[in-house]
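A quick write-up on the structure given underneath.
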Amino acid sequence: MVELDHAFQTGKPIGENWEAILDLERLVPCVEGGSVIEKVDPEQVKAEIKVKMGAMSLKFKGTVAVVEQDSEAHRAVMRVKSKEAGGQGHANADVTFSLSDGGGTIHTAAQITGKAASMGEGVVTSVLDALIKDFTEKLANI
Amino acid sequence: MLGPENGRLTVHTRKGGAAAKAGHDLLIEVTSWRGTLHVGDETTITLNADARSMRVREGSGGMTSLGDDDKSNIEQTIDDEVLKGTPIEFRSTACEFSPEGDRMHVSGELELAGRRAPITFELSLSGEQLSGSATVKQTDFGMKPYSALFGTLKVLDEVQVAVDARLEGVQ
């Protein structure tokens, strides 16, 4: 299990940020290589992420669901469950958003198995950290 | 005149970054190039290479071995994002032989990715065999070394360019 904490800034009011992060069709594409395949219901989508590793790429397919939301505290938990396309690996994560005016924080608890994990936890942590940092920058324009 | 018919021009890249384990060190062959060596009062060397003729021959390291598709993807990336088919040209400005005559110190100017920069390297002459290698620093030419995985996997700035050619019968 890899746990990471990040902060992000949007410069927008908390209500607007709250609406934006709960809209999975807007949120998922903020992850580099991520896209929504199908909206299952307002709180769940089928999605995939293609992670380019130079010449090669790894693709994970699965679901992203809002499993907890507290509109008073502006806190939401998204659960990512995915499987490596054509492989045995999994990439699962609980991503907790805590919003404040102008931005918020993200706590990620991820579990990666298979080919990606064979690089070692240090590498997985570095890549995930870079991926989430990139995500937080894109959140500014959501 | 030297070229692929009597020599081999190769580029060796190395991987770096936190996720270097995921990448490969590459041996790339330049398959279309022309070189000249003129020995006289003033010894000169020239080289022209086609940036679109790079072929990935070997990839070492990495989590899985490089397949033919992966190699084509790298070649496509070189063409689209790295060298973009720009001319590669070297002209020597000074060539000095060692007292034994078996080595040559070469200084000159290299055009790469649309920019010119000075470069120096050593060549060895052994019988009819000419060989040597030069270190090319991509940022000296305004290039941003290729990176992936959000910058955690990258090609190191310095790449080695090697030449190995047979001078026998060369006009």
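Each chain in the structure tokens gets a letter, A, B and so on, in the order shown; residues start at 1 in every chain, and ligands are counted from 1 in the order they appear.
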
Just need the residues of chain A within 9 Å of chain B, counting only C-alpha atoms, so spit them out as a ChimeraX atom specification.
-> /A:32,51-56,115-116,118-120,122-124,126-127,130-131,134

Neighbours of His74 in chain A within 12 Å (only C-alpha atoms; same-chain residues fewer than 6 positions away dropped), as a list in words?
->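 Result of the neighbour search: Pro13, Ile14, Gly15, Glu16, Asn17, Trp18, Glu19, Ala20, Ile21, Leu22, Glu68, Thr96, Phe97, Ser98, Leu99, Ser100, Asp101, Gly103, Gly104 and Thr105 of chain A.
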
Contact residues around Phe60 in chain A with only C-alpha atoms at 6 Å, ignoring same-chain residues under 2 positions, as a PyMOL selection string | chain A and resi 48-49+82-85

Would you mind listing what lies within 12 Å of Met1 in chain A as a PyMOL selection string, with only C-alpha atoms counted and same-chain residues fewer than 2 positions away left out?
-> chain A and resi 3-4+91-94+108-113+117+120-122+124-125+128

If you run DSSP on this backbone, which residues of range 19-112 of chain B come out as helix (DSSP H, G or I), and could you give them as a PyMOL selection string?
-> chain B and resi 20-22+51-53+68-82

Measure the distance from CA of Phe90 in chain B to CA of Val161 in chain B in Å and round it to one decimal.
-> 12.3 Å

Write out as a PyMOL selection string each polymer residue whose atoms come within 6 Å of range 163-168 of chain B, counting only C-alpha atoms; drop sequence neighbours fewer than 2 positions from it.
-> chain B and resi 6-9+128-132+170

Please provide as a list in words all residues within 10 Å of Met1 in chain B, with the sequence filter that same-chain residues fewer than 4 positions apart are discarded (counting only C-alpha atoms).
->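 Contacts, with the query itself left out: Glu5, Asn6, Arg34, Gly35, Thr36, Leu37, His38, Thr46, Leu47, Leu167, Gly169, Val170 and Gln171 of chain B.
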
Only C-alpha atoms, please: the residues just picked out, written as a PDB file, in the first residue's frame.
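Result saved to out.pdb:
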ATOM      1  CA  GLU B   5      28.475  -0.138 -46.830  1.00  0.00           C
ATOM      2  CA  ASN B   6      31.851  -0.016 -45.072  1.00  0.00           C
ATOM      3  CA  ARG B  34      27.975   9.665 -45.526  1.00  0.00           C
ATOM      4  CA  GLY B  35      31.396  10.466 -44.127  1.00  0.00           C
ATOM      5  CA  THR B  36      34.605  11.752 -45.682  1.00  0.00           C
ATOM      6  CA  LEU B  37      38.164  11.672 -44.420  1.00  0.00           C
ATOM      7  CA  HIS B  38      40.687  13.708 -46.342  1.00  0.00           C
ATOM      8  CA  THR B  46      32.827  15.525 -42.637  1.00  0.00           C
ATOM      9  CA  LEU B  47      29.709  13.573 -41.784  1.00  0.00           C
ATOM     10  CA  LEU B 167      39.026   2.317 -44.892  1.00  0.00           C
ATOM     11  CA  GLY B 169      39.602   0.365 -50.820  1.00  0.00           C
ATOM     12  CA  VAL B 170      37.866   3.616 -49.875  1.00  0.00           C
ATOM     13  CA  GLN B 171      38.372   6.368 -52.426  1.00  0.00           C
TER      14      GLN B 171
END

Residue among B:Arg116, B:Lys84, B:Lys15, B:Arg57 lying closest to Val136 in chain B, counting only C-alpha atoms = B:Arg116
